[in-house]
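J.: Can you keep this structure in mind? I'll have questions shortly.
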Amino acid sequence: MNDDAPQDQTAQGQDPRTTDDGSPSRRSVLRTTAGAVGVAGTGLGLGAFGAGPASAAQDAPAGSPLSVPPRKGATMAGVPFDRRSTVRVGIVGLGNRGGSMIDLFLAVEGVRVVALCDPVKEKTEQAAAKVTAAGQPAPAVYTNGEDDYENLCARGDIDFVYVATPWDFHFEMAKTAMLNGKHVGVECPIALRLDQLWELVDLSERTRRHCMQLENCCYGQNEMRVLRMAHAGLFGDLLHGAGAYNHDLRGLMFDPDYYEGPWRRLWHTRMRGDLYPNHGFGPVAGYMDVNRGDRAVSITSVGSPSLGLAAYRKEHMPAGDPSWKETYIESDRTISLVQTAKGRVIRLEHDVSTPHPYSRINSLGGTKGVFEDYPERIYLEPDHSNDEWGDFGAYADWDHWLWKEHADPPGGHGGMDYMLVFRLMQCIRLGLVPDFDVYDAATWTAPVPLSHLSIKAKGAPQEIPDFTRGEWKKARAGMDSEKPEE
């Protein structure tokens, strides 16, 4: 979960507007283009402020040849990690998210944090102190500007690179890690353009390295319980599901210290679609075995007017604040419907710009009943009747083995962060197939560009590419794992 992205990462003593050679830095672009973006609106390509030039694949019509390029390597579906007695980890990005996740890597047996990277020296020093306090050797640190992560990825003593930086850098960092022979896990979204998603798929296949969207919500206790119940047939034939990221982030997005400058808020000046679908899509995709017997084939999206951030700014931000140069176009509430090959429907929602309680919706329905979260409630036949919700707690026996083994896990977000790290590191140590892979990463993230295109096209359906290139037709294991022998 990338709610807590790094804060200001300007290298100490360097002009934040330029790189070492005097050219404009990407952070300069992030901080100073808000007014220009607002004026240009969606006339700018989706890649205009991302890594690299815009590609025709961003706006490729459904069914075009660009949707499924030829395979450049063997599939990564079902490919296990090489077994490691100790997993050597490098961490890129040590802000709010990376600076807290390092505690969980250090809490898992058989994991060594060998290298850290963040242009803010103080952050790397704080993180390095945690490593030595945990009894591990002092890690190598990389603080020489925003591209020093390339040197971390080039090391020969790293097995896995964890990326927790602002979204704009995710694609380049994942790509660099794989090109240097490292497995990589990235906070969501893993990329922001279809051509980038395809490139990550191709690179994973060509380099034989896993590239994963580290979707912690898949490891939530409720999500894993529903997963096992669904796969055991308690919901009957699955028909529909729903997931969301409805989280009031207005105060944080206007906080000059919480996020690194205005980077997250600026995405609301660039795109109209669902900027953060992974938390809702990932768990439901697991319930329905998407990419493991079913696949997401199309998405249609609509969006409300974009009024919430401007209203918040008017009430809370002083005259002259740089945010007054911004024009917000991202829909306050985006609603998308995803159709699967089996005809199932998945509803996705995104709203971080209006006042409301937190909800990921997390719903699943089938021919025998339905589960709905926030608050959790269930209705299954023959257990329930008279249209009255039942107690989900009565199904605790269906908890996943991870939650039975780690009943009180450390870390944030209710323990799901620890479950993610523990299970991922376990898979690498034991040489297991990961619970999700690059095809899941691409599928769960595809709604970012495609919802934008659908809204621009007044809700017209957009094809979701088959990133597996046909492998989805083969049933295989996913999140519903069996406890391995150590």
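By order of appearance in the structure tokens: chains A, B, ..., then residues from 1 within every chain, and ligands from 1 in the order shown.
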If you count only C-alpha atoms, which residues fall within 8 Å of A:Tyr358, apart from same-chain ones fewer than 4 positions away, as a PyMOL selection string?
T.: chain A and resi 245-248
J.: Take the residues from that selection and put them in a file with N, CA and C atoms, as a short mmCIF file (atom, residue, chain, number, x, y, z; two decimals), in the first residue's frame.
T.:
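Just written: part-v2.cif:
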```
data_model
loop_
_atom_site.label_atom_id
_atom_site.label_comp_id
_atom_site.auth_asym_id
_atom_site.auth_seq_id
_atom_site.Cartn_x
_atom_site.Cartn_y
_atom_site.Cartn_z
N TYR A 245 -10.90 1.87 -3.46
CA TYR A 245 -10.04 2.67 -2.60
C TYR A 245 -10.77 3.99 -2.39
N ASN A 246 -11.65 3.99 -1.40
CA ASN A 246 -12.38 5.18 -1.02
C ASN A 246 -11.80 5.66 0.31
N HIS A 247 -10.94 6.65 0.23
CA HIS A 247 -10.12 7.07 1.36
C HIS A 247 -9.92 8.58 1.27
N ASP A 248 -10.43 9.31 2.22
CA ASP A 248 -10.33 10.76 2.19
C ASP A 248 -8.87 11.19 2.43
#
```
J.: Excluding stretch 450-458 of chain A and its own-chain neighbours fewer than 4 positions away, which residues fall within 10 Å of it when counting only C-alpha atoms? Please give them as a compact mmCIF listing (two decimals) with N, CA, C and O atoms, in the first residue's frame.
T.:
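Saved file result.txt follows:
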```txt
# COMPACT_ATOMS: atom_id res chain seq x y z
N THR A 42 -6.35 17.01 -20.46
CA THR A 42 -6.07 15.69 -21.01
C THR A 42 -5.50 15.76 -22.40
O THR A 42 -5.30 14.73 -23.04
N LEU A 46 -0.67 10.42 -21.68
CA LEU A 46 -0.57 9.88 -20.34
C LEU A 46 0.88 9.76 -19.90
O LEU A 46 1.17 9.72 -18.72
N GLN A 58 -0.44 3.88 -25.49
CA GLN A 58 -1.26 4.45 -24.43
C GLN A 58 -2.69 4.62 -24.88
O GLN A 58 -3.64 4.44 -24.12
N ASP A 59 -2.87 5.07 -26.14
CA ASP A 59 -4.18 5.36 -26.66
C ASP A 59 -4.59 4.38 -27.74
O ASP A 59 -5.40 4.69 -28.61
N ALA A 60 -4.02 3.17 -27.69
CA ALA A 60 -4.36 2.17 -28.69
C ALA A 60 -5.82 1.77 -28.57
O ALA A 60 -6.29 1.50 -27.47
N PRO A 61 -6.57 1.72 -29.66
CA PRO A 61 -7.97 1.31 -29.57
C PRO A 61 -8.08 -0.15 -29.19
O PRO A 61 -7.17 -0.95 -29.43
N ALA A 62 -9.21 -0.50 -28.59
CA ALA A 62 -9.43 -1.89 -28.21
C ALA A 62 -9.31 -2.78 -29.44
O ALA A 62 -9.81 -2.46 -30.51
N LEU A 192 2.08 3.28 -15.04
CA LEU A 192 0.89 4.10 -15.30
C LEU A 192 0.47 4.11 -16.77
O LEU A 192 -0.45 4.83 -17.13
N ARG A 193 1.14 3.30 -17.60
CA ARG A 193 0.81 3.25 -19.01
C ARG A 193 0.81 1.80 -19.49
O ARG A 193 1.54 0.96 -18.98
N LEU A 194 -0.01 1.51 -20.49
CA LEU A 194 -0.10 0.15 -21.01
C LEU A 194 1.22 -0.31 -21.61
O LEU A 194 1.62 -1.47 -21.43
N ARG A 270 -3.86 15.38 -14.16
CA ARG A 270 -3.39 14.71 -15.38
C ARG A 270 -4.34 13.68 -15.94
O ARG A 270 -4.39 13.48 -17.15
N MET A 271 -5.06 12.98 -15.08
CA MET A 271 -5.87 11.85 -15.53
C MET A 271 -7.26 11.91 -14.91
O MET A 271 -7.44 12.43 -13.80
N ARG A 272 -8.22 11.33 -15.60
CA ARG A 272 -9.60 11.34 -15.13
C ARG A 272 -10.02 10.01 -14.50
O ARG A 272 -11.08 9.92 -13.89
N GLY A 273 -9.22 8.98 -14.66
CA GLY A 273 -9.66 7.65 -14.28
C GLY A 273 -9.28 7.23 -12.87
O GLY A 273 -8.93 8.05 -12.02
N ASP A 274 -9.34 5.92 -12.64
CA ASP A 274 -9.05 5.32 -11.34
C ASP A 274 -7.53 5.26 -11.17
O ASP A 274 -6.86 4.45 -11.80
N LEU A 275 -7.00 6.10 -10.30
CA LEU A 275 -5.56 6.20 -10.11
C LEU A 275 -5.00 5.09 -9.24
O LEU A 275 -3.78 4.91 -9.19
N PRO A 277 -6.38 1.42 -8.45
CA PRO A 277 -7.34 0.31 -8.44
C PRO A 277 -6.89 -0.94 -7.72
O PRO A 277 -7.72 -1.82 -7.42
N SER A 298 -12.50 -6.71 -20.22
CA SER A 298 -12.85 -5.34 -20.61
C SER A 298 -13.21 -4.52 -19.39
O SER A 298 -13.53 -5.07 -18.32
N ILE A 299 -13.14 -3.21 -19.55
CA ILE A 299 -13.50 -2.29 -18.47
C ILE A 299 -14.25 -1.10 -19.05
O ILE A 299 -13.90 -0.60 -20.11
N THR A 300 -15.31 -0.70 -18.38
CA THR A 300 -16.02 0.51 -18.73
C THR A 300 -16.10 1.38 -17.48
O THR A 300 -16.40 0.88 -16.39
N SER A 301 -15.81 2.66 -17.64
CA SER A 301 -15.69 3.55 -16.48
C SER A 301 -16.45 4.85 -16.71
O SER A 301 -16.54 5.35 -17.83
N VAL A 302 -16.98 5.36 -15.62
CA VAL A 302 -17.59 6.69 -15.60
C VAL A 302 -17.03 7.44 -14.41
O VAL A 302 -16.55 6.84 -13.44
N GLY A 303 -17.08 8.75 -14.48
CA GLY A 303 -16.54 9.56 -13.40
C GLY A 303 -17.43 10.75 -13.09
O GLY A 303 -18.06 11.32 -13.99
N SER A 304 -17.46 11.11 -11.82
CA SER A 304 -18.22 12.28 -11.40
C SER A 304 -17.45 13.56 -11.75
O SER A 304 -16.29 13.51 -12.14
N GLU A 330 -9.31 14.96 -12.36
CA GLU A 330 -9.55 13.57 -11.96
C GLU A 330 -10.91 13.47 -11.27
O GLU A 330 -11.22 14.21 -10.36
N SER A 331 -11.74 12.55 -11.73
CA SER A 331 -13.08 12.41 -11.19
C SER A 331 -13.04 12.17 -9.69
O SER A 331 -12.27 11.33 -9.21
N THR A 334 -14.73 7.67 -9.24
CA THR A 334 -14.66 6.87 -10.46
C THR A 334 -15.27 5.51 -10.18
O THR A 334 -14.95 4.87 -9.18
N ILE A 335 -16.15 5.07 -11.05
CA ILE A 335 -16.78 3.76 -10.93
C ILE A 335 -16.53 3.00 -12.23
O ILE A 335 -16.83 3.50 -13.32
N SER A 336 -15.98 1.81 -12.09
CA SER A 336 -15.66 0.99 -13.25
C SER A 336 -16.30 -0.39 -13.11
O SER A 336 -16.43 -0.92 -12.00
N LEU A 337 -16.67 -0.96 -14.23
CA LEU A 337 -17.16 -2.33 -14.29
C LEU A 337 -16.22 -3.15 -15.16
O LEU A 337 -16.01 -2.82 -16.34
N THR A 445 -3.19 -3.27 -12.54
CA THR A 445 -2.86 -1.86 -12.77
C THR A 445 -3.45 -1.33 -14.07
O THR A 445 -3.60 -0.12 -14.24
N ALA A 446 -3.82 -2.21 -14.99
CA ALA A 446 -4.37 -1.78 -16.28
C ALA A 446 -5.54 -0.82 -16.16
O ALA A 446 -5.72 0.06 -17.01
N GLN A 462 -13.24 -0.61 -22.81
CA GLN A 462 -11.86 -0.71 -23.27
C GLN A 462 -11.37 -2.13 -23.03
O GLN A 462 -11.62 -2.71 -21.97
N GLU A 463 -10.69 -2.69 -24.01
CA GLU A 463 -10.14 -4.03 -23.87
C GLU A 463 -9.03 -4.05 -22.83
O GLU A 463 -8.15 -3.18 -22.83
N ILE A 464 -9.06 -5.03 -21.94
CA ILE A 464 -7.95 -5.30 -21.03
C ILE A 464 -7.08 -6.36 -21.69
O ILE A 464 -7.55 -7.47 -21.96
```
J.: Using only C-alpha atoms, find each residue of stretch 56-173 of chain A with at least one atom at most 10 Å away from an atom of stretch 214-236 of chain A; report its shortest atom-to-atom pair and that distance in Å (one decimal), sort the rows by chain and rising residue number, and return the result as CSV.
T.:
```
residue,atom,partner,partner_atom,distance
A:Tyr162,CA,A:Leu214,CA,9.0
A:Val163,CA,A:Leu214,CA,9.4
A:Ala164,CA,A:Leu214,CA,9.9
```
J.: So which bits of stretch 76-210 of chain A end up helix (DSSP H, G or I) when you DSSP the backbone, as number ranges by chain?
T.: A: 96-107, 121-133, 149-153, 167-179, 194-207
J.: Would you please work out which residue, of A:Trp198, A:Phe281, A:Trp444, A:Tyr312, is nearest to A:Phe467 when using only C-alpha atoms?
T.: A:Trp198
J.: Looking at A:Ala140, A:Val186, A:Arg313, A:Asp466, which one is nearest to A:Thr124, with distances taken over only C-alpha atoms?
T.: A:Ala140
